[in-house]
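*Asks:* Let me give you the structure first, and then I'll get to my questions.
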Number of protein chains: 2
Amino acid sequence: MITILRLGHRIFRDQRITTHCALAGRALGADGMVYTGQKDRDTEDSVRKVAEQWGGKFSIRHSDSYKGEIDGFRGISVHLTVYGMPFQEKMAEIRRKKDIMLIVGGEKVPPDVYEKSDYNLAVTSQPHSEIASLALFLHEYFQGKELGKRFPSPRLKVVPQAKGKMVKKA
Amino acid sequence: MITILRLGHRIFRDQRITTHCALAGRALGADGMVYTGQKDRDTEDSVRKVAEQWGGKFSIRHSDSYKGEIDGFRGISVHLTVYGMPFQEKMAEIRRKKDIMLIVGGEKVPPDVYEKSDYNLAVTSQPHSEIASLALFLHEYFQGKELGKRFPSPRLKVVPQAKGKMVKKA
């Protein structure tokens, strides 16, 4: 199980970034997302709607406490941060673990997140995007197999095309 | 040279997504971004500021015409879209090309973009994020070497840490 913990969501500013984190997480093999900060029904609804339409199970829920989530988690916690060690150096070690909480920050990450996390890892030491970091982490974790992941019982399914669009309804 | 063409930017709605596309592109080896839609000095300034502070060259400019950009481009154009063929199947072919325009949509991609692009490729056939798609495309194109990319003459540089943060000033 891979769970994303998204910290410090703000409805006005983060809605699309948080949604992209959830959808990229889902598409690339994560099982769900927990988020802290402001509770946001619109973001939850849009993520649940995608999961219903496109198949598989992906959960999303709000939490009041990142500390509670990290402390209560029984697997290993991996905080993705520009300040961490290169993620590719720890990947072989992490890949042996089955239960992972992938922590991605909002604008200001509380200092104890660095302490509480089992790993603080960087996807390059350049400032960029938590969405890109999540995607590359999952891609390396699953070694590309996530690209062929099947999503059970979809209502909608893309039929890949060289030109144009085709979507099948179940 | 890898150039990102970001379509249909809207100042209010897309500012952070477009910025993440540019910064993830820069961090993962792209050389610049051209965007269409609304001209947005704030987004341009924030991307230029990151490039100045963190080193290397990364250009960003607005264009009035996606048609002009695609038609005038002398390399190959790759449109990343959920409706396209699996990107991993075409990667060996594309990797031989040196000049690539990576096209990423906004909400509504004009139909002729599918016609004009040399490739329409999907990073999974699931709806997720143009930022994640860009990141995975660049990672596979550069075969992971982009993770060690150096950015000349930075003012700021992260010194990777297992816990906490360290940034060096030049």
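If you're wondering about the labels, chains in the structure tokens are A, B, ... by order shown, residues count from 1 in each chain, ligands from 1 in order shown.
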Should the cut-off be 6 Å, what would the residue list for chain B against chain A look like, counting only C-alpha atoms, as a short mmCIF file (atom, residue, chain, number, x, y, z; two decimals) with N, CA and C atoms, in the first residue's frame?

*Replies:*
data_model
loop_
_atom_site.label_atom_id
_atom_site.label_comp_id
_atom_site.auth_asym_id
_atom_site.auth_seq_id
_atom_site.Cartn_x
_atom_site.Cartn_y
_atom_site.Cartn_z
N HIS B 20 4.69 25.08 -12.33
CA HIS B 20 5.25 23.75 -12.04
C HIS B 20 5.73 23.07 -13.33
N LEU B 23 9.10 24.69 -14.07
CA LEU B 23 10.17 24.36 -13.12
C LEU B 23 10.54 22.88 -13.18
N ALA B 24 9.55 22.02 -13.34
CA ALA B 24 9.87 20.60 -13.48
C ALA B 24 10.61 20.37 -14.79
N ALA B 27 14.20 21.58 -14.17
CA ALA B 27 14.95 20.68 -13.28
C ALA B 27 15.30 19.37 -13.96
N TYR B 83 -5.02 10.66 -24.61
CA TYR B 83 -5.61 9.90 -25.72
C TYR B 83 -4.59 9.24 -26.64
N GLY B 84 -3.29 9.55 -26.42
CA GLY B 84 -2.26 9.10 -27.35
C GLY B 84 -1.79 7.67 -27.12
N MET B 85 -0.80 7.28 -27.90
CA MET B 85 -0.20 5.95 -27.79
C MET B 85 0.75 5.93 -26.59
N TYR B 114 -3.62 17.72 -32.50
CA TYR B 114 -3.46 16.27 -32.70
C TYR B 114 -2.95 15.97 -34.11
N ASN B 120 1.43 11.87 -30.83
CA ASN B 120 0.51 12.08 -29.72
C ASN B 120 0.71 10.92 -28.75
N THR B 124 0.49 6.77 -19.38
CA THR B 124 -0.69 6.03 -18.92
C THR B 124 -1.91 6.55 -19.69
N SER B 125 -2.95 5.74 -19.77
CA SER B 125 -4.19 6.21 -20.40
C SER B 125 -5.20 6.65 -19.35
N GLN B 126 -4.69 7.09 -18.22
CA GLN B 126 -5.53 7.59 -17.13
C GLN B 126 -5.41 9.11 -17.06
N HIS B 128 -4.53 12.38 -15.44
CA HIS B 128 -3.81 12.82 -14.24
C HIS B 128 -3.27 14.23 -14.37
N SER B 129 -2.01 14.39 -14.79
CA SER B 129 -1.40 15.71 -14.65
C SER B 129 -0.37 15.91 -15.74
N ILE B 131 2.02 17.85 -15.52
CA ILE B 131 3.31 18.00 -14.85
C ILE B 131 3.95 16.62 -14.66
N ALA B 132 3.15 15.67 -14.22
CA ALA B 132 3.65 14.30 -14.04
C ALA B 132 4.04 13.70 -15.39
N ALA B 135 7.33 15.15 -16.55
CA ALA B 135 8.44 14.63 -15.72
C ALA B 135 8.82 13.22 -16.16
N LEU B 147 18.86 13.48 -13.62
CA LEU B 147 18.86 13.62 -12.15
C LEU B 147 20.19 14.15 -11.64
N VAL B 158 21.47 23.64 -2.94
CA VAL B 158 21.10 22.77 -1.82
C VAL B 158 22.24 21.80 -1.53
N PRO B 160 22.47 18.37 0.07
CA PRO B 160 21.51 17.33 0.52
C PRO B 160 21.76 16.85 1.95
N GLN B 161 20.67 16.70 2.70
CA GLN B 161 20.74 16.30 4.10
C GLN B 161 19.77 15.15 4.38
N ALA B 162 20.16 14.28 5.29
CA ALA B 162 19.23 13.23 5.73
C ALA B 162 18.10 13.81 6.57
N LYS B 163 18.41 14.82 7.37
CA LYS B 163 17.38 15.54 8.16
C LYS B 163 17.65 17.03 8.03
N GLY B 164 16.61 17.82 7.90
CA GLY B 164 16.78 19.26 7.91
C GLY B 164 17.16 19.84 6.57
N LYS B 165 17.52 21.13 6.59
CA LYS B 165 17.72 21.89 5.36
C LYS B 165 19.10 22.55 5.36
#

*Asks:* So that I can check the secondary structure, give me every residue of stretch 2-167 of chain B assigned helix (DSSP H, G or I) by backbone DSSP, as a short mmCIF file (atom, residue, chain, number, x, y, z; two decimals) with N, CA and C atoms, in the first residue's frame.

*Replies:*
data_model
loop_
_atom_site.label_atom_id
_atom_site.label_comp_id
_atom_site.auth_asym_id
_atom_site.auth_seq_id
_atom_site.Cartn_x
_atom_site.Cartn_y
_atom_site.Cartn_z
N ILE B 11 -4.50 33.10 -16.57
CA ILE B 11 -3.80 33.67 -15.42
C ILE B 11 -4.42 33.19 -14.11
N PHE B 12 -5.71 33.32 -13.98
CA PHE B 12 -6.31 33.01 -12.70
C PHE B 12 -6.20 31.52 -12.36
N ARG B 13 -6.51 30.69 -13.33
CA ARG B 13 -6.67 29.27 -13.03
C ARG B 13 -5.39 28.45 -13.14
N ASP B 14 -4.50 28.85 -14.04
CA ASP B 14 -3.38 27.96 -14.38
C ASP B 14 -2.02 28.39 -13.84
N GLN B 15 -1.98 29.48 -13.11
CA GLN B 15 -0.67 30.05 -12.75
C GLN B 15 0.26 29.03 -12.09
N ARG B 16 -0.24 28.31 -11.14
CA ARG B 16 0.66 27.39 -10.43
C ARG B 16 0.99 26.16 -11.27
N ILE B 17 0.02 25.66 -12.01
CA ILE B 17 0.27 24.48 -12.84
C ILE B 17 1.31 24.82 -13.92
N THR B 18 1.14 25.98 -14.56
CA THR B 18 2.10 26.38 -15.60
C THR B 18 3.49 26.58 -14.99
N THR B 19 3.55 27.19 -13.82
CA THR B 19 4.84 27.37 -13.15
C THR B 19 5.49 26.02 -12.83
N HIS B 20 4.69 25.08 -12.33
CA HIS B 20 5.25 23.75 -12.04
C HIS B 20 5.73 23.07 -13.33
N CYS B 21 5.00 23.23 -14.43
CA CYS B 21 5.46 22.66 -15.71
C CYS B 21 6.83 23.22 -16.07
N ALA B 22 6.97 24.53 -15.94
CA ALA B 22 8.24 25.17 -16.30
C ALA B 22 9.36 24.70 -15.37
N LEU B 23 9.10 24.69 -14.07
CA LEU B 23 10.17 24.36 -13.12
C LEU B 23 10.54 22.88 -13.18
N ALA B 24 9.55 22.02 -13.34
CA ALA B 24 9.87 20.60 -13.48
C ALA B 24 10.61 20.37 -14.79
N GLY B 25 10.18 21.07 -15.84
CA GLY B 25 10.90 20.98 -17.12
C GLY B 25 12.35 21.39 -16.95
N ARG B 26 12.56 22.55 -16.33
CA ARG B 26 13.93 23.03 -16.10
C ARG B 26 14.75 22.02 -15.28
N ALA B 27 14.20 21.58 -14.17
CA ALA B 27 14.95 20.68 -13.28
C ALA B 27 15.30 19.37 -13.96
N ARG B 41 2.95 38.06 -16.82
CA ARG B 41 4.28 38.49 -16.38
C ARG B 41 4.68 37.90 -15.03
N ASP B 42 3.73 37.68 -14.15
CA ASP B 42 4.06 37.12 -12.83
C ASP B 42 4.66 35.72 -12.96
N THR B 43 4.01 34.91 -13.79
CA THR B 43 4.53 33.55 -13.99
C THR B 43 5.91 33.61 -14.64
N GLU B 44 6.05 34.45 -15.65
CA GLU B 44 7.36 34.58 -16.30
C GLU B 44 8.42 35.01 -15.29
N ASP B 45 8.08 36.01 -14.50
CA ASP B 45 9.06 36.52 -13.52
C ASP B 45 9.45 35.45 -12.51
N SER B 46 8.48 34.68 -12.05
CA SER B 46 8.82 33.70 -11.02
C SER B 46 9.68 32.58 -11.59
N VAL B 47 9.44 32.19 -12.83
CA VAL B 47 10.27 31.16 -13.46
C VAL B 47 11.68 31.71 -13.71
N ARG B 48 11.77 32.95 -14.21
CA ARG B 48 13.10 33.55 -14.46
C ARG B 48 13.89 33.72 -13.17
N LYS B 49 13.19 34.05 -12.12
CA LYS B 49 13.86 34.24 -10.83
C LYS B 49 14.48 32.92 -10.34
N VAL B 50 13.72 31.84 -10.48
CA VAL B 50 14.27 30.53 -10.09
C VAL B 50 15.50 30.20 -10.92
N ALA B 51 15.42 30.45 -12.23
CA ALA B 51 16.57 30.13 -13.10
C ALA B 51 17.79 30.98 -12.72
N GLU B 52 17.56 32.25 -12.41
CA GLU B 52 18.69 33.12 -12.01
C GLU B 52 19.31 32.66 -10.71
N GLN B 53 18.47 32.29 -9.77
CA GLN B 53 18.99 31.92 -8.45
C GLN B 53 19.64 30.55 -8.44
N TRP B 54 19.09 29.63 -9.20
CA TRP B 54 19.53 28.23 -9.10
C TRP B 54 20.42 27.79 -10.26
N TYR B 66 -0.09 29.08 -31.24
CA TYR B 66 0.44 27.71 -31.16
C TYR B 66 0.71 27.15 -32.56
N LYS B 67 -0.13 27.56 -33.53
CA LYS B 67 0.09 27.08 -34.90
C LYS B 67 1.44 27.53 -35.41
N GLY B 68 1.73 28.82 -35.20
CA GLY B 68 3.02 29.37 -35.64
C GLY B 68 4.18 28.65 -34.97
N GLU B 69 4.03 28.34 -33.69
CA GLU B 69 5.11 27.66 -32.96
C GLU B 69 5.33 26.24 -33.49
N ILE B 70 4.25 25.51 -33.67
CA ILE B 70 4.38 24.11 -34.12
C ILE B 70 4.86 24.08 -35.58
N ASP B 71 4.23 24.90 -36.44
CA ASP B 71 4.60 24.89 -37.86
C ASP B 71 6.04 25.38 -38.06
N GLY B 72 6.48 26.32 -37.22
CA GLY B 72 7.82 26.88 -37.40
C GLY B 72 8.93 26.07 -36.76
N PHE B 87 3.69 6.23 -24.38
CA PHE B 87 4.94 6.94 -24.69
C PHE B 87 6.14 6.03 -24.65
N GLN B 88 6.09 5.01 -23.78
CA GLN B 88 7.27 4.14 -23.62
C GLN B 88 7.54 3.33 -24.89
N GLU B 89 6.48 3.14 -25.72
CA GLU B 89 6.66 2.36 -26.95
C GLU B 89 7.40 3.16 -28.04
N LYS B 90 7.35 4.47 -27.94
CA LYS B 90 7.96 5.32 -28.97
C LYS B 90 9.28 5.94 -28.50
N MET B 91 9.64 5.67 -27.24
CA MET B 91 10.76 6.41 -26.66
C MET B 91 12.09 6.13 -27.36
N ALA B 92 12.35 4.89 -27.74
CA ALA B 92 13.63 4.58 -28.38
C ALA B 92 13.79 5.38 -29.68
N GLU B 93 12.68 5.49 -30.41
CA GLU B 93 12.64 6.25 -31.66
C GLU B 93 12.86 7.75 -31.41
N ILE B 94 12.17 8.26 -30.42
CA ILE B 94 12.23 9.70 -30.14
C ILE B 94 13.59 10.08 -29.55
N ARG B 95 14.18 9.18 -28.82
CA ARG B 95 15.44 9.50 -28.15
C ARG B 95 16.56 9.78 -29.15
N PRO B 111 -8.37 20.75 -31.84
CA PRO B 111 -8.23 19.47 -32.55
C PRO B 111 -7.02 19.41 -33.48
N ASP B 112 -6.63 20.55 -34.08
CA ASP B 112 -5.52 20.47 -35.03
C ASP B 112 -4.17 20.23 -34.36
N VAL B 113 -4.09 20.38 -33.04
CA VAL B 113 -2.85 20.03 -32.35
C VAL B 113 -2.56 18.53 -32.52
N TYR B 114 -3.62 17.72 -32.50
CA TYR B 114 -3.46 16.27 -32.70
C TYR B 114 -2.95 15.97 -34.11
N GLU B 115 -3.39 16.80 -35.06
CA GLU B 115 -2.98 16.60 -36.47
C GLU B 115 -1.57 17.11 -36.72
N LYS B 116 -1.26 18.26 -36.16
CA LYS B 116 0.03 18.90 -36.43
C LYS B 116 1.19 18.19 -35.71
N GLU B 130 -0.42 17.06 -16.41
CA GLU B 130 0.59 17.36 -17.42
C GLU B 130 1.97 17.51 -16.78
N ILE B 131 2.02 17.85 -15.52
CA ILE B 131 3.31 18.00 -14.85
C ILE B 131 3.95 16.62 -14.66
N ALA B 132 3.15 15.67 -14.22
CA ALA B 132 3.65 14.30 -14.04
C ALA B 132 4.04 13.70 -15.39
N SER B 133 3.26 13.96 -16.42
CA SER B 133 3.56 13.42 -17.75
C SER B 133 4.87 13.98 -18.29
N LEU B 134 5.03 15.27 -18.17
CA LEU B 134 6.30 15.91 -18.57
C LEU B 134 7.49 15.30 -17.84
N ALA B 135 7.33 15.15 -16.55
CA ALA B 135 8.44 14.63 -15.72
C ALA B 135 8.82 13.22 -16.16
N LEU B 136 7.83 12.36 -16.36
CA LEU B 136 8.14 10.98 -16.75
C LEU B 136 8.70 10.92 -18.16
N PHE B 137 8.19 11.75 -19.05
CA PHE B 137 8.74 11.77 -20.40
C PHE B 137 10.22 12.17 -20.37
N LEU B 138 10.53 13.25 -19.69
CA LEU B 138 11.93 13.72 -19.64
C LEU B 138 12.84 12.69 -18.96
N HIS B 139 12.33 12.07 -17.91
CA HIS B 139 13.12 11.06 -17.19
C HIS B 139 13.46 9.88 -18.09
N GLU B 140 12.50 9.45 -18.88
CA GLU B 140 12.76 8.33 -19.80
C GLU B 140 13.60 8.77 -20.99
N TYR B 141 13.37 9.98 -21.46
CA TYR B 141 14.16 10.49 -22.59
C TYR B 141 15.64 10.56 -22.22
N LYS B 145 19.67 10.30 -16.51
CA LYS B 145 20.87 11.15 -16.40
C LYS B 145 20.53 12.58 -15.99
N GLU B 146 19.29 12.98 -16.26
CA GLU B 146 18.87 14.34 -15.90
C GLU B 146 18.90 14.56 -14.38
N LEU B 147 18.86 13.48 -13.62
CA LEU B 147 18.86 13.62 -12.15
C LEU B 147 20.19 14.15 -11.64
N GLY B 148 21.24 13.98 -12.44
CA GLY B 148 22.55 14.48 -12.05
C GLY B 148 22.94 15.76 -12.78
#

*Asks:* Quick one: distance from atom CA of A:Gly75 to atom CA of A:Asp31 in Å, one decimal?

*Replies:* 14.0 Å

*Asks:* Please return as JSON, numbers by chain: the residues of chain A that backbone DSSP assigns to strand (DSSP E).

*Replies:* {"A": [2, 3, 4, 5, 6, 7, 8, 9, 32, 33, 34, 35, 36, 37, 59, 60, 61, 62, 76, 77, 78, 79, 80, 81, 82, 83, 84, 85, 86, 100, 101, 102, 103, 104, 119, 120, 121, 122, 156, 157, 158, 167, 168, 169]}

*Asks:* Tell me which protein, DNA and RNA residues are within 6 Å of A:Gly106, counting only C-alpha atoms, leaving out same-chain ones fewer than 2 positions away, and put them as a count of residues only.

*Replies:* 3

*Asks:* Write out as a list in words which residues come within 8 Å of A:Ala30 when counting only C-alpha atoms, dropping same-chain ones fewer than 5 positions away.

*Replies:*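 The residues satisfying every condition are Met1, Ile2, Thr3, Ile4, Gly25, Phe58 and Leu138 of chain A.
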